[in-house]
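Asks: Sending over model-v8.pdb (PDB, C-alpha atoms).
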```
ATOM      1  CA  MET A   1      96.324  90.074  65.570
ATOM      2  CA  PRO A   2      94.478  93.421  65.509
ATOM      3  CA  GLU A   3      92.452  92.520  68.606
ATOM      4  CA  THR A   4      95.605  91.728  70.581
ATOM      5  CA  SER A   5      97.257  94.956  69.423
ATOM      6  CA  ILE A   6      94.269  97.054  70.480
ATOM      7  CA  LEU A   7      94.047  95.272  73.829
ATOM      8  CA  LEU A   8      97.769  95.871  74.378
ATOM      9  CA  TRP A   9      97.360  99.625  73.895
ATOM     10  CA  VAL A  10      94.332  99.616  76.197
ATOM     11  CA  THR A  11      96.369  97.761  78.830
ATOM     12  CA  ILE A  12      99.226 100.268  78.545
ATOM     13  CA  ALA A  13      96.744 103.145  78.869
ATOM     14  CA  VAL A  14      95.219 101.585  82.000
ATOM     15  CA  ALA A  15      98.731 101.053  83.411
ATOM     16  CA  VAL A  16      99.516 104.734  82.859
ATOM     17  CA  LEU A  17      96.238 105.612  84.605
ATOM     18  CA  PHE A  18      97.287 103.424  87.558
ATOM     19  CA  ASP A  19     100.656 105.197  87.630
ATOM     20  CA  PHE A  20      98.882 108.556  87.637
ATOM     21  CA  THR A  21      96.616 107.531  90.538
ATOM     22  CA  ASN A  22      99.683 106.170  92.324
ATOM     23  CA  GLY A  23     101.300 109.588  91.956
ATOM     24  CA  PHE A  24      98.428 111.711  93.236
ATOM     25  CA  HIS A  25      97.508 109.112  95.870
ATOM     26  CA  ASP A  26     101.048 109.097  97.254
ATOM     27  CA  THR A  27     101.925 112.793  96.924
ATOM     28  CA  ALA A  28     101.279 113.113 100.645
ATOM     29  CA  ASN A  29     104.129 110.732 101.439
ATOM     30  CA  ALA A  30     106.735 113.205 100.315
ATOM     31  CA  ILE A  31     105.268 116.611 101.042
ATOM     32  CA  ALA A  32     102.646 116.498 103.814
ATOM     33  CA  THR A  33     105.221 116.990 106.551
ATOM     34  CA  SER A  34     106.895 119.906 104.727
ATOM     35  CA  ILE A  35     103.557 121.651 104.181
ATOM     36  CA  SER A  36     102.342 121.128 107.742
ATOM     37  CA  THR A  37     105.558 122.620 109.193
ATOM     38  CA  ARG A  38     105.443 125.495 106.656
ATOM     39  CA  ALA A  39     108.835 124.539 105.260
ATOM     40  CA  LEU A  40     107.333 124.681 101.761
ATOM     41  CA  SER A  41     104.207 126.157 100.248
ATOM     42  CA  PRO A  42     101.782 123.556  98.877
ATOM     43  CA  HIS A  43     102.395 124.355  95.195
ATOM     44  CA  VAL A  44     106.188 124.485  95.543
ATOM     45  CA  ALA A  45     106.136 121.203  97.497
ATOM     46  CA  VAL A  46     104.029 119.440  94.847
ATOM     47  CA  GLY A  47     106.264 120.728  92.040
ATOM     48  CA  LEU A  48     109.417 119.588  93.839
ATOM     49  CA  ALA A  49     107.879 116.165  94.493
ATOM     50  CA  ALA A  50     106.887 115.752  90.841
ATOM     51  CA  VAL A  51     110.387 116.552  89.562
ATOM     52  CA  PHE A  52     112.175 114.222  91.972
ATOM     53  CA  ASN A  53     109.674 111.394  91.429
ATOM     54  CA  LEU A  54     110.600 111.573  87.745
ATOM     55  CA  VAL A  55     114.344 111.714  88.451
ATOM     56  CA  GLY A  56     114.186 108.874  90.981
ATOM     57  CA  ALA A  57     112.371 106.528  88.613
ATOM     58  CA  VAL A  58     114.723 107.094  85.670
ATOM     59  CA  VAL A  59     118.027 107.197  87.549
ATOM     60  CA  THR A  60     117.364 104.139  89.712
ATOM     61  CA  VAL A  61     116.424 101.844  86.817
ATOM     62  CA  ALA A  62     119.240 103.205  84.622
ATOM     63  CA  PHE A  63     121.950 102.557  87.212
ATOM     64  CA  PHE A  64     120.557  99.835  89.501
ATOM     65  CA  GLN A  65     118.206  97.872  87.182
ATOM     66  CA  ALA A  66     114.484  97.284  87.636
ATOM     67  CA  LYS A  67     114.789  94.896  90.574
ATOM     68  CA  VAL A  68     111.454  95.880  92.106
ATOM     69  CA  SER A  69     109.679  95.311  88.768
ATOM     70  CA  ASN A  70     111.082  91.787  88.609
ATOM     71  CA  THR A  71     109.863  91.079  92.131
ATOM     72  CA  ILE A  72     106.344  92.330  91.317
ATOM     73  CA  ALA A  73     106.228  90.267  88.106
ATOM     74  CA  SER A  74     107.098  87.114  90.058
ATOM     75  CA  THR A  75     103.682  87.254  91.809
ATOM     76  CA  LEU A  76     102.015  85.327  88.987
ATOM     77  CA  ALA A  77     102.611  81.582  88.621
ATOM     78  CA  ILE A  78     101.008  81.551  85.171
ATOM     79  CA  LYS A  79     101.975  83.118  81.878
ATOM     80  CA  PRO A  80      99.982  86.338  82.044
ATOM     81  CA  GLY A  81      97.531  87.288  79.347
ATOM     82  CA  LEU A  82      96.592  90.878  78.635
ATOM     83  CA  VAL A  83      93.197  90.389  80.309
ATOM     84  CA  VAL A  84      95.000  89.273  83.479
ATOM     85  CA  VAL A  85      97.173  92.401  83.504
ATOM     86  CA  ILE A  86      94.335  94.812  82.752
ATOM     87  CA  SER A  87      92.106  93.171  85.404
ATOM     88  CA  ALA A  88      94.874  93.504  88.001
ATOM     89  CA  LEU A  89      95.259  97.186  87.135
ATOM     90  CA  ILE A  90      91.498  97.775  87.382
ATOM     91  CA  GLY A  91      91.543  96.266  90.878
ATOM     92  CA  ALA A  92      94.456  98.467  91.947
ATOM     93  CA  ILE A  93      93.060 101.670  90.437
ATOM     94  CA  SER A  94      89.612 101.092  91.965
ATOM     95  CA  TRP A  95      91.041 100.643  95.450
ATOM     96  CA  ASN A  96      93.334 103.667  95.051
ATOM     97  CA  LEU A  97      90.337 105.832  94.194
ATOM     98  CA  ILE A  98      88.205 104.453  97.043
ATOM     99  CA  THR A  99      90.877 105.109  99.685
ATOM    100  CA  TRP A 100      91.775 108.493  98.165
ATOM    101  CA  TYR A 101      88.117 109.551  98.403
ATOM    102  CA  ARG A 102      88.068 108.480 102.056
ATOM    103  CA  GLY A 103      91.362 110.313 102.718
ATOM    104  CA  LEU A 104      93.098 107.116 103.830
ATOM    105  CA  PRO A 105      96.822 106.672 103.036
ATOM    106  CA  SER A 106      96.631 103.075 101.816
ATOM    107  CA  SER A 107      99.210 101.342  99.651
ATOM    108  CA  SER A 108      99.265 101.400  95.851
ATOM    109  CA  THR A 109     101.826  98.590  96.085
ATOM    110  CA  HIS A 110      99.452  96.436  98.115
ATOM    111  CA  ALA A 111      96.675  97.269  95.678
ATOM    112  CA  LEU A 112      98.636  96.137  92.613
ATOM    113  CA  ILE A 113      99.854  92.958  94.298
ATOM    114  CA  GLY A 114      96.279  92.218  95.369
ATOM    115  CA  GLY A 115      95.070  92.900  91.833
ATOM    116  CA  LEU A 116      97.636  90.498  90.367
ATOM    117  CA  CYS A 117      96.620  87.828  92.876
ATOM    118  CA  GLY A 118      92.908  88.184  92.114
ATOM    119  CA  ALA A 119      93.407  88.205  88.342
ATOM    120  CA  GLY A 120      95.865  85.294  88.496
ATOM    121  CA  ILE A 121      93.484  83.169  90.577
ATOM    122  CA  ALA A 122      90.615  83.970  88.218
ATOM    123  CA  ALA A 123      92.665  83.080  85.123
ATOM    124  CA  ALA A 124      93.995  79.823  86.571
ATOM    125  CA  GLY A 125      90.660  78.820  88.051
ATOM    126  CA  GLY A 126      92.227  78.410  91.474
ATOM    127  CA  LEU A 127      95.070  79.255  93.848
ATOM    128  CA  ALA A 128      97.676  77.846  91.462
ATOM    129  CA  GLY A 129      97.606  81.180  89.625
ATOM    130  CA  VAL A 130      99.747  82.805  92.332
ATOM    131  CA  ARG A 131     103.365  82.040  93.215
ATOM    132  CA  TRP A 132     102.851  82.014  96.974
ATOM    133  CA  THR A 133     106.526  81.950  97.960
ATOM    134  CA  ALA A 134     107.096  85.165  95.987
ATOM    135  CA  LEU A 135     103.958  86.697  97.476
ATOM    136  CA  GLY A 136     105.170  85.805 100.966
ATOM    137  CA  LYS A 137     108.437  87.664 100.326
ATOM    138  CA  GLN A 138     106.544  90.718  99.113
ATOM    139  CA  VAL A 139     104.107  90.744 102.010
ATOM    140  CA  ALA A 140     106.976  90.323 104.489
ATOM    141  CA  SER A 141     108.722  93.415 103.113
ATOM    142  CA  LEU A 142     105.459  95.367 103.205
ATOM    143  CA  VAL A 143     104.786  94.330 106.820
ATOM    144  CA  ILE A 144     108.296  94.905 108.164
ATOM    145  CA  SER A 145     108.966  98.303 106.547
ATOM    146  CA  PRO A 146     106.476 100.452 108.572
ATOM    147  CA  PRO A 147     107.856  99.298 111.964
ATOM    148  CA  LEU A 148     111.361  99.978 110.621
ATOM    149  CA  GLY A 149     110.283 103.509 109.743
ATOM    150  CA  PHE A 150     108.652 103.858 113.170
ATOM    151  CA  LEU A 151     111.727 102.694 115.107
ATOM    152  CA  ALA A 152     114.268 104.574 112.988
ATOM    153  CA  SER A 153     112.301 107.820 113.300
ATOM    154  CA  ALA A 154     111.774 107.433 117.039
ATOM    155  CA  ILE A 155     115.480 106.779 117.680
ATOM    156  CA  PHE A 156     116.662 109.574 115.379
ATOM    157  CA  ALA A 157     114.177 112.033 116.910
ATOM    158  CA  ILE A 158     115.353 111.230 120.432
ATOM    159  CA  ILE A 159     118.999 111.753 119.418
ATOM    160  CA  LEU A 160     118.130 115.017 117.692
ATOM    161  CA  ILE A 161     116.222 116.307 120.724
ATOM    162  CA  LEU A 162     119.096 115.404 123.067
ATOM    163  CA  VAL A 163     121.640 117.177 120.855
ATOM    164  CA  VAL A 164     119.513 120.340 120.621
ATOM    165  CA  HIS A 165     118.992 120.430 124.405
ATOM    166  CA  ARG A 166     122.618 119.654 125.166
ATOM    167  CA  LEU A 167     123.831 122.481 122.940
ATOM    168  CA  ARG A 168     121.130 124.765 124.397
ATOM    169  CA  LEU A 169     120.100 125.991 120.969
ATOM    170  CA  ARG A 170     117.332 128.550 120.727
ATOM    171  CA  PRO A 171     114.033 127.292 119.243
ATOM    172  CA  ALA A 172     113.589 129.989 116.560
ATOM    173  CA  PRO A 173     116.965 129.519 114.781
ATOM    174  CA  VAL A 174     116.673 125.731 115.120
ATOM    175  CA  ASN A 175     113.246 125.704 113.502
ATOM    176  CA  ARG A 176     114.464 127.899 110.645
ATOM    177  CA  THR A 177     117.393 125.539 110.036
ATOM    178  CA  PHE A 178     115.226 122.437 110.086
ATOM    179  CA  ARG A 179     112.682 124.023 107.731
ATOM    180  CA  GLY A 180     115.509 124.687 105.285
ATOM    181  CA  LEU A 181     116.752 121.109 105.596
ATOM    182  CA  GLN A 182     113.224 119.826 104.973
ATOM    183  CA  VAL A 183     113.524 120.992 101.369
ATOM    184  CA  LEU A 184     116.357 118.475 100.969
ATOM    185  CA  THR A 185     114.579 115.666 102.798
ATOM    186  CA  SER A 186     111.414 116.276 100.760
ATOM    187  CA  ALA A 187     113.469 115.945  97.578
ATOM    188  CA  PHE A 188     115.149 112.775  98.903
ATOM    189  CA  LEU A 189     111.820 111.246  99.861
ATOM    190  CA  SER A 190     110.278 112.109  96.479
ATOM    191  CA  TYR A 191     113.305 110.599  94.730
ATOM    192  CA  SER A 192     112.921 107.423  96.805
ATOM    193  CA  HIS A 193     109.193 107.240  96.091
ATOM    194  CA  GLY A 194     109.744 107.495  92.334
ATOM    195  CA  ALA A 195     112.552 104.945  92.465
ATOM    196  CA  ASN A 196     110.372 102.294  94.125
ATOM    197  CA  ASP A 197     106.787 103.024  93.106
ATOM    198  CA  ALA A 198     107.222 103.758  89.385
ATOM    199  CA  GLN A 199     108.659 100.260  88.999
ATOM    200  CA  LYS A 200     105.235  98.761  89.738
ATOM    201  CA  THR A 201     103.845 100.294  86.547
ATOM    202  CA  MET A 202     106.969  99.259  84.660
ATOM    203  CA  ALA A 203     106.234  95.697  85.774
ATOM    204  CA  ALA A 204     102.613  95.858  84.588
ATOM    205  CA  ILE A 205     103.477  97.255  81.137
ATOM    206  CA  THR A 206     106.358  94.810  80.650
ATOM    207  CA  LEU A 207     104.089  91.893  81.616
ATOM    208  CA  ALA A 208     101.638  93.130  78.960
ATOM    209  CA  LEU A 209     104.414  93.261  76.357
ATOM    210  CA  VAL A 210     105.440  89.696  77.209
ATOM    211  CA  ALA A 211     101.808  88.531  77.099
ATOM    212  CA  SER A 212     101.286  90.083  73.661
ATOM    213  CA  GLY A 213     104.457  88.542  72.250
ATOM    214  CA  ASN A 214     106.270  91.864  71.820
ATOM    215  CA  LEU A 215     108.927  90.724  74.298
ATOM    216  CA  THR A 216     110.337  87.204  74.634
ATOM    217  CA  LYS A 217     111.406  87.665  78.264
ATOM    218  CA  PHE A 218     110.693  90.013  81.143
ATOM    219  CA  GLN A 219     113.063  92.942  80.632
ATOM    220  CA  VAL A 220     111.882  96.525  81.076
ATOM    221  CA  PRO A 221     112.444  98.616  77.893
ATOM    222  CA  ILE A 222     113.763 102.158  78.275
ATOM    223  CA  TRP A 223     110.591 103.706  76.809
ATOM    224  CA  VAL A 224     108.556 101.957  79.518
ATOM    225  CA  VAL A 225     110.871 103.444  82.162
ATOM    226  CA  VAL A 226     110.410 106.965  80.775
ATOM    227  CA  LEU A 227     106.641 106.590  80.304
ATOM    228  CA  SER A 228     106.169 105.300  83.866
ATOM    229  CA  ALA A 229     108.370 108.039  85.309
ATOM    230  CA  VAL A 230     106.497 110.805  83.481
ATOM    231  CA  ALA A 231     103.066 109.400  84.430
ATOM    232  CA  ILE A 232     103.866 109.186  88.147
ATOM    233  CA  ALA A 233     105.374 112.693  88.027
ATOM    234  CA  PHE A 234     102.208 114.145  86.480
ATOM    235  CA  GLY A 235     100.104 112.269  89.032
ATOM    236  CA  THR A 236     102.232 113.695  91.817
ATOM    237  CA  TYR A 237     101.770 117.205  90.476
ATOM    238  CA  ALA A 238      97.992 116.695  90.450
ATOM    239  CA  GLY A 239      98.235 116.276  94.223
ATOM    240  CA  GLY A 240      96.315 114.151  96.691
ATOM    241  CA  TRP A 241      95.130 116.850  99.063
ATOM    242  CA  ARG A 242      92.748 114.662 101.073
ATOM    243  CA  ILE A 243      95.596 112.377 102.133
ATOM    244  CA  ILE A 244      97.976 115.295 102.652
ATOM    245  CA  ARG A 245      95.603 116.566 105.353
ATOM    246  CA  THR A 246      95.573 113.144 107.030
ATOM    247  CA  LEU A 247      99.348 112.694 107.131
ATOM    248  CA  GLY A 248     100.259 116.333 107.750
ATOM    249  CA  TRP A 249      97.762 117.306 110.439
ATOM    250  CA  SER A 250      95.415 114.536 111.574
ATOM    251  CA  ILE A 251      97.838 111.895 112.890
ATOM    252  CA  ILE A 252     100.034 114.347 114.803
ATOM    253  CA  LYS A 253     100.903 118.045 114.739
ATOM    254  CA  LEU A 254     104.408 118.094 113.309
ATOM    255  CA  GLU A 255     107.243 120.506 113.994
ATOM    256  CA  PRO A 256     110.227 121.151 111.689
ATOM    257  CA  ALA A 257     112.496 118.739 113.605
ATOM    258  CA  THR A 258     109.946 115.911 113.692
ATOM    259  CA  GLY A 259     108.921 116.519 110.093
ATOM    260  CA  LEU A 260     112.528 116.341 108.916
ATOM    261  CA  THR A 261     113.122 113.173 110.927
ATOM    262  CA  ALA A 262     110.084 111.386 109.503
ATOM    263  CA  GLN A 263     111.081 112.266 105.938
ATOM    264  CA  LEU A 264     114.755 111.360 106.303
ATOM    265  CA  MET A 265     114.227 108.018 108.032
ATOM    266  CA  GLY A 266     111.303 107.060 105.822
ATOM    267  CA  ALA A 267     113.302 107.787 102.668
ATOM    268  CA  SER A 268     116.260 105.788 103.995
ATOM    269  CA  VAL A 269     114.090 102.702 104.571
ATOM    270  CA  ILE A 270     112.562 103.021 101.081
ATOM    271  CA  GLN A 271     115.964 103.429  99.421
ATOM    272  CA  GLY A 272     117.328 100.363 101.173
ATOM    273  CA  ALA A 273     114.379  98.275 100.017
ATOM    274  CA  THR A 274     114.667  99.554  96.430
ATOM    275  CA  LEU A 275     118.347  98.670  96.149
ATOM    276  CA  ILE A 276     117.686  95.041  97.123
ATOM    277  CA  GLY A 277     114.584  94.793  94.926
ATOM    278  CA  LEU A 278     111.820  94.766  97.540
ATOM    279  CA  PRO A 279     108.518  96.540  96.830
ATOM    280  CA  VAL A 280     107.543  98.553  99.889
ATOM    281  CA  SER A 281     104.688 100.912 100.489
ATOM    282  CA  THR A 282     105.935 104.479 100.771
ATOM    283  CA  THR A 283     102.572 105.280 102.349
ATOM    284  CA  HIS A 284     103.071 102.686 105.077
ATOM    285  CA  VAL A 285     106.669 103.645 105.741
ATOM    286  CA  ILE A 286     105.979 107.376 106.058
ATOM    287  CA  THR A 287     102.886 106.846 108.198
ATOM    288  CA  GLY A 288     104.977 104.635 110.477
ATOM    289  CA  SER A 289     107.706 107.281 110.558
ATOM    290  CA  VAL A 290     105.249 110.075 111.410
ATOM    291  CA  MET A 291     103.847 108.003 114.287
ATOM    292  CA  GLY A 292     107.388 107.156 115.397
ATOM    293  CA  VAL A 293     108.351 110.797 115.879
ATOM    294  CA  GLY A 294     105.042 111.346 117.664
ATOM    295  CA  VAL A 295     105.757 108.887 120.462
ATOM    296  CA  THR A 296     108.983 110.736 121.321
ATOM    297  CA  ARG A 297     106.819 113.572 122.595
ATOM    298  CA  LYS A 298     104.134 111.578 124.378
ATOM    299  CA  LEU A 299     101.828 108.700 123.511
ATOM    300  CA  SER A 300      98.753 110.908 123.601
ATOM    301  CA  ALA A 301     100.251 113.160 120.901
ATOM    302  CA  VAL A 302      99.461 110.512 118.285
ATOM    303  CA  SER A 303      95.920 109.976 117.052
ATOM    304  CA  TRP A 304      95.883 106.212 117.658
ATOM    305  CA  GLY A 305      92.241 105.926 116.620
ATOM    306  CA  LEU A 306      93.044 107.291 113.176
ATOM    307  CA  GLY A 307      96.116 105.064 113.097
ATOM    308  CA  ALA A 308      93.898 102.038 113.721
ATOM    309  CA  THR A 309      91.585 103.094 110.876
ATOM    310  CA  ILE A 310      94.575 103.416 108.529
ATOM    311  CA  ALA A 311      95.895 100.021 109.657
ATOM    312  CA  THR A 312      92.510  98.461 108.901
ATOM    313  CA  ALA A 313      92.642  99.934 105.385
ATOM    314  CA  TRP A 314      96.101  98.396 104.991
ATOM    315  CA  LEU A 315      94.870  94.948 106.044
ATOM    316  CA  VAL A 316      91.963  94.874 103.618
ATOM    317  CA  THR A 317      93.806  96.396 100.638
ATOM    318  CA  ILE A 318      95.195  93.160  99.152
ATOM    319  CA  PRO A 319      91.970  91.122  99.483
ATOM    320  CA  ALA A 320      89.794  94.068  98.370
ATOM    321  CA  ALA A 321      91.886  94.766  95.254
ATOM    322  CA  ALA A 322      92.027  91.005  94.573
ATOM    323  CA  ILE A 323      88.234  90.689  94.667
ATOM    324  CA  ILE A 324      87.771  93.672  92.342
ATOM    325  CA  ALA A 325      90.365  92.248  89.919
ATOM    326  CA  TRP A 326      88.713  88.802  90.030
ATOM    327  CA  VAL A 327      85.351  90.358  89.161
ATOM    328  CA  ALA A 328      86.937  92.463  86.408
ATOM    329  CA  PHE A 329      88.546  89.380  84.866
ATOM    330  CA  ALA A 330      85.246  87.477  84.993
ATOM    331  CA  ILE A 331      83.429  90.339  83.254
ATOM    332  CA  LEU A 332      86.095  90.797  80.559
ATOM    333  CA  HIS A 333      86.371  87.046  79.984
ATOM    334  CA  THR A 334      82.600  86.701  79.692
ATOM    335  CA  ALA A 335      82.593  89.586  77.210
ATOM    336  CA  GLY A 336      84.824  87.502  74.965
ATOM    337  CA  LEU A 337      88.237  89.027  75.665
ATOM    338  CA  HIS A 338      90.872  86.311  75.916
ATOM    339  CA  GLY A 339      94.099  88.110  75.059
TER     340      GLY A 339
END
```
What would the structure in this file look like if it were written as structure tokens?
Replies:
Amino acid sequence: MPETSILLWVTIAVAVLFDFTNGFHDTANAIATSISTRALSPHVAVGLAAVFNLVGAVVTVAFFQAKVSNTIASTLAIKPGLVVVISALIGAISWNLITWYRGLPSSSTHALIGGLCGAGIAAAGGLAGVRWTALGKQVASLVISPPLGFLASAIFAIILILVVHRLRLRPAPVNRTFRGLQVLTSAFLSYSHGANDAQKTMAAITLALVASGNLTKFQVPIWVVVLSAVAIAFGTYAGGWRIIRTLGWSIIKLEPATGLTAQLMGASVIQGATLIGLPVSTTHVITGSVMGVGVTRKLSAVSWGLGATIATAWLVTIPAAAIIAWVAFAILHTAGLHG
């Protein structure tokens, strides 16, 4: 039907817009620490992040399958219509823009999951629209990953500090070495971000293709992989400077050693989750990692008040995106869209 075809293209366009906002919203995850320690200039850091986001998305799905996309798609307990998918994306995009404007590093993953929940509940007319066991698995991975980043970074930072002191290395050469290594950890973190986060958009577009009858089962086509990878790369290049300031300077003043540690441990946690198909928030993991390296210096080095504000944004992301998506579905449904 022409109406379904048009709605499908609109849904894909909105999904690409979500991917773009995901990219510029989450740029800070990969590069804030490198910029704040002067390991990379802002423009070089953003360019590097964009390239490795693209590479991470394509390579991971090509060699390890779209496991995260399958996990995201399992949120809905109903057969999704196009209006459900587009409403979920509207909820996620709206919350991304709100938190970006406020400079808060919230989770695009949380936002999309919340959007799917709100749209699914609206479409089903009740809680039966959500597969709660699948949602529980997703929320568990989102909750556990930041403390993992925190602990891993704290332990690694302590070991690194002990080694430097034991070898009696001079600060200037050590800082130069760590700044050089931060180029590699920035690339690794960007690769990990693309590998995990681009799969959320792949899930949304593939759900739309299933809903429109263009696919008989949920299986991510290669063109969807490439489109999602390119969109998140362009979004990354656009840069999310408000959030970069929050992660790079406001939570704690980073040094080359602590910046490298936060990036390396955060990327490792994200990679582990991606390989087993768990959607995690790169924003949450890196924020946890940055705070983890902070406590190795002293508790007062971390801006706990700002951390509490960020944590509050995390807690309200799923319900806020769900409410926006529910309202969006109601408006679209009332307007006569039933695809």
Asks: Name every residue that the PyMOL selection byres ((chain A and resi 259) around 8) selects in this structure, writing the answer as a list in words with chains first and numbers rising.
Replies: Thr33, Ser34, Thr37, Gln182, Leu254, Glu255, Pro256, Ala257, Thr258, Leu260, Thr261, Ala262, Gln263 and Val290 of chain A
Asks: Near A:Gln65, within 12 Å and counting all atoms listed in the file, which residues show up once chain neighbours fewer than 3 positions away are dropped, as a PyMOL selection string?
Replies: chain A and resi 57-62+68-71+195-196+199+202+219-222+225+274-277
Asks: Starting from the shown file, work through the PyMOL selection byres ((chain A and resi 51) around 12) and note down what comes out as a count of residues only.
Replies: 35
Asks: Extending 4 Å beyond the listed atoms of stretch 28-42 of chain A on each side, what axis-aligned box results? I want centre and edge lengths in Å to one decimal, as JSON.
Replies:
```
{"center_x": 105.1, "center_y": 118.4, "center_z": 104.0, "size_x": 15.6, "size_y": 23.4, "size_z": 18.3}
```
Asks: Leaving out A:Leu135 and any residue of its chain fewer than 6 positions from it, which residues lie within 12 Å of it when counting all atoms listed in the file, given as a ChimeraX atom specification?
Replies: /A:71-77,110,112-114,116-117,129,141-142,278-279,318
Asks: State, in Å with one decimal place, the distance from atom CA of A:Val295 to atom CA of A:Ala273.
Replies: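 Value for the atom CA of A:Val295-atom CA of A:Ala273 distance: 24.6 Å.
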Asks: Between A:Ala322, A:Ala15, A:Ala123, A:Lys200, which residue has the minimum interatomic distance to A:Lys67, considering only C-alpha atoms?
Replies: A:Lys200
Asks: Applied to the shown file, which residues does the PyMOL selection byres ((chain A and resi 13) around 12) return, written as a list in words?
Replies: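 Here the PyMOL selection byres ((chain A and resi 13) around 12) matches Ile6, Leu7, Leu8, Trp9, Val10, Thr11, Ile12, Val14, Ala15, Val16, Leu17, Phe18, Asp19, Phe20, Val85, Ile86, Leu89, Ile90, Thr201, Ala204, Ile205, Ala208, Val224, Leu227, Ser228 and Ala231 of chain A.
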Asks: With all atoms listed in the file as the basis for distance, which of A:Val143, A:Ile270, A:Ala154, A:Leu209 is at the shortest distance from A:Gly292?
Replies: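 Checking each candidate against A:Gly292, we get A:Ala154 as the closest.
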Asks: What is the distance, in Å and to one decimal place, between atom CA of A:Trp223 and atom CA of A:Phe64?
Replies: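 Taking atom CA of A:Trp223 and atom CA of A:Phe64, their separation equals 16.6 Å.
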Asks: As an exercise, work out the distance from atom CA of A:Asp197 to atom CA of A:Ile144 in Å and give it to one decimal place.
Replies: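 For atom CA of A:Asp197 relative to atom CA of A:Ile144, the distance reads 17.2 Å.
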Asks: Nearest to A:Ala92 among A:Ala140, A:Ala198, A:Ala111, A:Ile35, with distances taken over only C-alpha atoms: which residue is it?
Replies: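 Between A:Ala140, A:Ala198, A:Ala111, A:Ile35, the residue approaching A:Ala92 most closely is A:Ala111.
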Asks: For A:Ser281, work out the shell of residues within 6 Å, counting all atoms listed in the file and skipping chain neighbours fewer than 3 positions away, then give it as number ranges by chain.
Replies: A: 107, 109, 284
Asks: For each of A:Ser87, A:Thr216, A:Ser106, A:Ser289, take the minimum atom-to-atom distance to A:Leu264, counting all atoms listed in the file, then give the residue where this is smallest.
Replies: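 Going through A:Ser87, A:Thr216, A:Ser106, A:Ser289 one by one, the smallest distance to A:Leu264 is for A:Ser289.
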Asks: Got a moment to write stretch 188-202 of chain A out with N, CA and C atoms, as a compact mmCIF listing (two decimals), in the first residue's frame?
Replies:
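Written out: decode.txt:
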```txt
# COMPACT_ATOMS: atom_id res chain seq x y z
N PHE A 188 39.87 2.78 20.42
CA PHE A 188 39.24 1.54 20.94
C PHE A 188 37.87 1.84 21.52
N LEU A 189 37.76 2.92 22.26
CA LEU A 189 36.48 3.28 22.86
C LEU A 189 35.47 3.67 21.79
N SER A 190 35.90 4.41 20.78
CA SER A 190 35.01 4.79 19.68
C SER A 190 34.53 3.55 18.92
N TYR A 191 35.46 2.62 18.68
CA TYR A 191 35.12 1.36 18.02
C TYR A 191 34.06 0.61 18.84
N SER A 192 34.25 0.55 20.14
CA SER A 192 33.32 -0.15 21.02
C SER A 192 31.95 0.52 21.03
N HIS A 193 31.96 1.86 21.04
CA HIS A 193 30.71 2.61 21.03
C HIS A 193 29.92 2.32 19.76
N GLY A 194 30.59 2.36 18.60
CA GLY A 194 29.91 2.07 17.34
C GLY A 194 29.39 0.65 17.29
N ALA A 195 30.18 -0.29 17.82
CA ALA A 195 29.80 -1.69 17.80
C ALA A 195 28.52 -1.95 18.58
N ASN A 196 28.34 -1.27 19.70
CA ASN A 196 27.16 -1.51 20.55
C ASN A 196 26.01 -0.58 20.18
N ASP A 197 26.28 0.71 20.09
CA ASP A 197 25.19 1.68 19.96
C ASP A 197 24.53 1.71 18.58
N ALA A 198 25.29 1.51 17.51
CA ALA A 198 24.68 1.54 16.17
C ALA A 198 23.67 0.42 16.01
N GLN A 199 23.81 -0.65 16.78
CA GLN A 199 22.88 -1.77 16.67
C GLN A 199 21.48 -1.43 17.17
N LYS A 200 21.35 -0.36 17.97
CA LYS A 200 20.01 0.04 18.40
C LYS A 200 19.21 0.56 17.21
N THR A 201 19.85 1.35 16.36
CA THR A 201 19.17 1.86 15.16
C THR A 201 18.91 0.72 14.18
N MET A 202 19.86 -0.19 14.07
CA MET A 202 19.64 -1.36 13.21
C MET A 202 18.39 -2.12 13.65
```
